[in-house]
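To start, the structure under review is shown below, and the notes come after it.
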Amino acid sequence: MKAVEITRYGEPEVLVLGERPDPVPAAGELLIRVAASGINRPDVFQRQGNYPVPPGASDIPGLEVAGQIVGGNADELTAAGLKLGDKVCALVAGGGYAELCAAPIAQCLPYPKGLSDVEAASLPETFFTVWSNVFDRGRLQPGETLLIQGGSSGIGVTAIQLAKAWGATVIVTAGSDDKCAACLRLGADHAINYKTQDFKEEVKRLTDGKGVDVILDMVGGEYVAREVESLAEDGRMVIIAVQGGTKSSFNAGLVLRKRLTITGSTLRPRPVAFKAAIAQACRQHAWPLIESGKIKPVIYSTFPPAQAAQAHALMESNQHIGKIVLKWN
């Protein structure tokens, strides 16, 4: 099969379309002929050598795919309500940038009705991540206020729409006025340009000094101190990436006085059973919202696999709003 390989750690041009042996699905897995592969920030970190592949996972990058089932144990497929020829999207621990990809059956979901291959491929990583962190770890409730750092990212556009559908007030940060406007069009209640405004002061103003109930943070670093000050009493901060650095210094006294929770997670190394539970929650809560049109995939650009380097360069430029996807056919 053709696959996009990381020939060495480095800049986007180290991504090269090559040949790999076809994967063989193990027990509990199925084989997907990939039509489209979502691109995510962890793929960039892996290419740079900053995100080790979990034990047993493919070294081929790619954490989400969509396509047709072409292999797997018939009894296992039947037990999951699937069969050869069905179209599914899947969260995988690696191997997504390839014509064929083995995926745990429990991490596969049928396409939401009406979606294209590209749209379906844009769903698993962001929806699984947002559900796990905003709703499970962050415990966002209807009527509460959520602050999303990086509202125009793939994670951000998903979090905006899910949180609004959940009945929350949504505040986002983004790096340009155009991105802020895009977030507002997706349903965000307020958008803060972090390059021209101090989000801590804006949150204070927008919430009449109360603060927000939940923060989804993809920055870390020096943001954490201002986020602690931006949380309401009993507020929860969930850190899912540290693009701004791993070191943080904050007022621990505020954590005590406001009874704050600071938590975080990474999804890739978690066991199949954990991801399977998220898959079922997404199917129950998010898939009907997509099928009804209340939530829409946001696709910024697609690339052929031979241009994976250009796709990564676009992601690193931070110009995109929504998802970047490789299209295999």
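Residues are named by chain letter and number: chains run A, B, ... in the order of the structure tokens, numbers start at 1 in each chain, and ligands are numbered from 1 in the order shown.
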
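Shell of range 235-250 of chain A at 7 Å, with only C-alpha atoms counted and residues fewer than 5 places along the chain excluded, is Asn133, Gly138, Val212, Asp213, Val214, Ile215, Leu216, Asp217, Met218, Val219, Gly220, Gly221, Glu222, Val224, Ala225, Leu260, Thr261, Ile262, Thr263, Gly264, Ser265 and Thr266 of chain A.
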
Mind checking which residues fall within 12 Å of Gly154 in chain A, counting only C-alpha atoms, ignoring those fewer than 6 positions away in the same chain, and posting them as a ChimeraX atom specification?
/A:38-42,121-130,148,160-161,183,218,296-301,315,318-325

Residues near range 24-31 of chain A, cut-off 6 Å, only C-alpha atoms, skip fewer than 2 positions along chain, as a PyMOL selection string:
chain A and resi 69-72+101-105

Would you save the residues of that selection, restricted to N, CA, C and O atoms, as a PDB file, in the first residue's frame?
```pdb
ATOM      1  N   ILE A  69     -14.901  -0.701   5.089  1.00  0.00           N
ATOM      2  CA  ILE A  69     -14.393  -1.907   5.743  1.00  0.00           C
ATOM      3  C   ILE A  69     -14.096  -2.964   4.672  1.00  0.00           C
ATOM      4  O   ILE A  69     -14.976  -3.341   3.895  1.00  0.00           O
ATOM      5  N   VAL A  70     -12.844  -3.437   4.636  1.00  0.00           N
ATOM      6  CA  VAL A  70     -12.455  -4.453   3.642  1.00  0.00           C
ATOM      7  C   VAL A  70     -11.871  -5.706   4.292  1.00  0.00           C
ATOM      8  O   VAL A  70     -11.457  -6.630   3.599  1.00  0.00           O
ATOM      9  N   GLY A  71     -11.853  -5.760   5.616  1.00  0.00           N
ATOM     10  CA  GLY A  71     -11.321  -6.938   6.288  1.00  0.00           C
ATOM     11  C   GLY A  71     -11.686  -6.947   7.752  1.00  0.00           C
ATOM     12  O   GLY A  71     -12.068  -5.927   8.325  1.00  0.00           O
ATOM     13  N   GLY A  72     -11.580  -8.124   8.349  1.00  0.00           N
ATOM     14  CA  GLY A  72     -11.898  -8.279   9.760  1.00  0.00           C
ATOM     15  C   GLY A  72     -12.640  -9.584   9.993  1.00  0.00           C
ATOM     16  O   GLY A  72     -13.161 -10.198   9.056  1.00  0.00           O
ATOM     17  N   CYS A 101      -5.731   0.844   6.687  1.00  0.00           N
ATOM     18  CA  CYS A 101      -5.459   1.105   8.099  1.00  0.00           C
ATOM     19  C   CYS A 101      -6.240   0.119   8.958  1.00  0.00           C
ATOM     20  O   CYS A 101      -7.447  -0.070   8.763  1.00  0.00           O
ATOM     21  N   ALA A 102      -5.543  -0.545   9.879  1.00  0.00           N
ATOM     22  CA  ALA A 102      -6.201  -1.413  10.855  1.00  0.00           C
ATOM     23  C   ALA A 102      -6.670  -0.561  12.026  1.00  0.00           C
ATOM     24  O   ALA A 102      -5.923   0.284  12.524  1.00  0.00           O
ATOM     25  N   ALA A 103      -7.908  -0.775  12.454  1.00  0.00           N
ATOM     26  CA  ALA A 103      -8.484   0.031  13.525  1.00  0.00           C
ATOM     27  C   ALA A 103      -9.245  -0.859  14.496  1.00  0.00           C
ATOM     28  O   ALA A 103      -9.914  -1.811  14.077  1.00  0.00           O
ATOM     29  N   PRO A 104      -9.171  -0.576  15.793  1.00  0.00           N
ATOM     30  CA  PRO A 104     -10.004  -1.313  16.745  1.00  0.00           C
ATOM     31  C   PRO A 104     -11.480  -1.144  16.389  1.00  0.00           C
ATOM     32  O   PRO A 104     -11.948  -0.017  16.166  1.00  0.00           O
ATOM     33  N   ILE A 105     -12.208  -2.250  16.341  1.00  0.00           N
ATOM     34  CA  ILE A 105     -13.624  -2.191  15.982  1.00  0.00           C
ATOM     35  C   ILE A 105     -14.388  -1.256  16.918  1.00  0.00           C
ATOM     36  O   ILE A 105     -15.253  -0.496  16.488  1.00  0.00           O
TER      37      ILE A 105
END
```

Expected answer as an MDAnalysis selection string: helix (DSSP H, G or I) residues in range 151-313 of chain A:
chainID A and resid 154:165 177:185 199:206 223:230 252:257 272:285 287:291 305:313

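Distances from A:Glu144, A:Phe303, A:Leu77, A:Pro269 to Val53 in chain A were compared using only C-alpha atoms, and the smallest one belongs to A:Pro269.
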
Which residues, written as a list of chain:residue names, have at least one atom at most 8 Å from Trp328 in chain A, with only C-alpha atoms counted and residues fewer than 5 positions away on the same chain left out?
A:Val34, A:Ala35, A:Ala36, A:Ser37, A:Glu99, A:Pro304, A:Pro305

If we count only C-alpha atoms and set the cut-off at 6 Å, which residues sit around Ile60 in chain A, ignoring sequence neighbours fewer than 3 positions away in its own chain? Please answer as JSON, numbers by chain.
{"A": [5, 94, 95]}

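Distance annotation: of A:Ala168, A:Leu109, A:Ala80, A:Val14, the residue with the minimal separation from Gln280 in chain A is A:Leu109; atom set is only C-alpha atoms.
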
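Distance check against Leu91 in chain A using only C-alpha atoms: of A:Ser176, A:Tyr223, A:Ala279, A:Lys294, the minimum falls on A:Ala279.
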
Identify, with DSSP run on backbone atoms, the residues in range 62-106 of chain A assigned to strand (DSSP E), and express the list as a PyMOL selection string.
chain A and resi 64-72+87-91+100-104

List the neighbours of Leu184 in chain A out to 9 Å using only C-alpha atoms; skip same-chain residues closer than 6 positions along the sequence, and give me the result as a VMD selection string.
chain A and resid 172 190 to 191

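Across the structure, CA of Ala106 in chain A and CA of Val88 in chain A are spaced 11.3 Å apart.
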
Using only C-alpha atoms, which protein or nucleic acid residues come within 9 Å of Val16 in chain A? Drop anything in the same chain fewer than 3 positions from it, and give the result as a list in words.
Ala3, Val4, Glu5, Ile6, Thr7, Glu13, Pro305, Ala306, Gln307, Ala308 and Ala309 of chain A

Written file, previous selection with C-alpha atoms, as a CSV table (one decimal), in the first residue's frame:
```csv
chain,number,residue,atom,x,y,z
A,3,ALA,CA,1.6,5.5,2.9
A,4,VAL,CA,3.0,8.8,4.0
A,5,GLU,CA,6.2,8.1,6.0
A,6,ILE,CA,8.3,10.3,8.3
A,7,THR,CA,11.7,9.7,6.7
A,13,GLU,CA,9.4,18.1,3.8
A,305,PRO,CA,-1.3,12.3,0.1
A,306,ALA,CA,1.7,13.3,-2.0
A,307,GLN,CA,1.3,16.8,-0.7
A,308,ALA,CA,1.2,15.9,3.0
A,309,ALA,CA,4.2,18.2,3.6
```

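Shortest atom-to-atom contact with Glu229 in chain A among A:Thr173, A:Gln107, A:Ser132, A:Asn251: A:Asn251, counting only C-alpha atoms.
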
Residue among A:Ser292, A:Gln284, A:Asn329, A:Ser58 lying closest to Pro21 in chain A, counting only C-alpha atoms:
A:Ser58
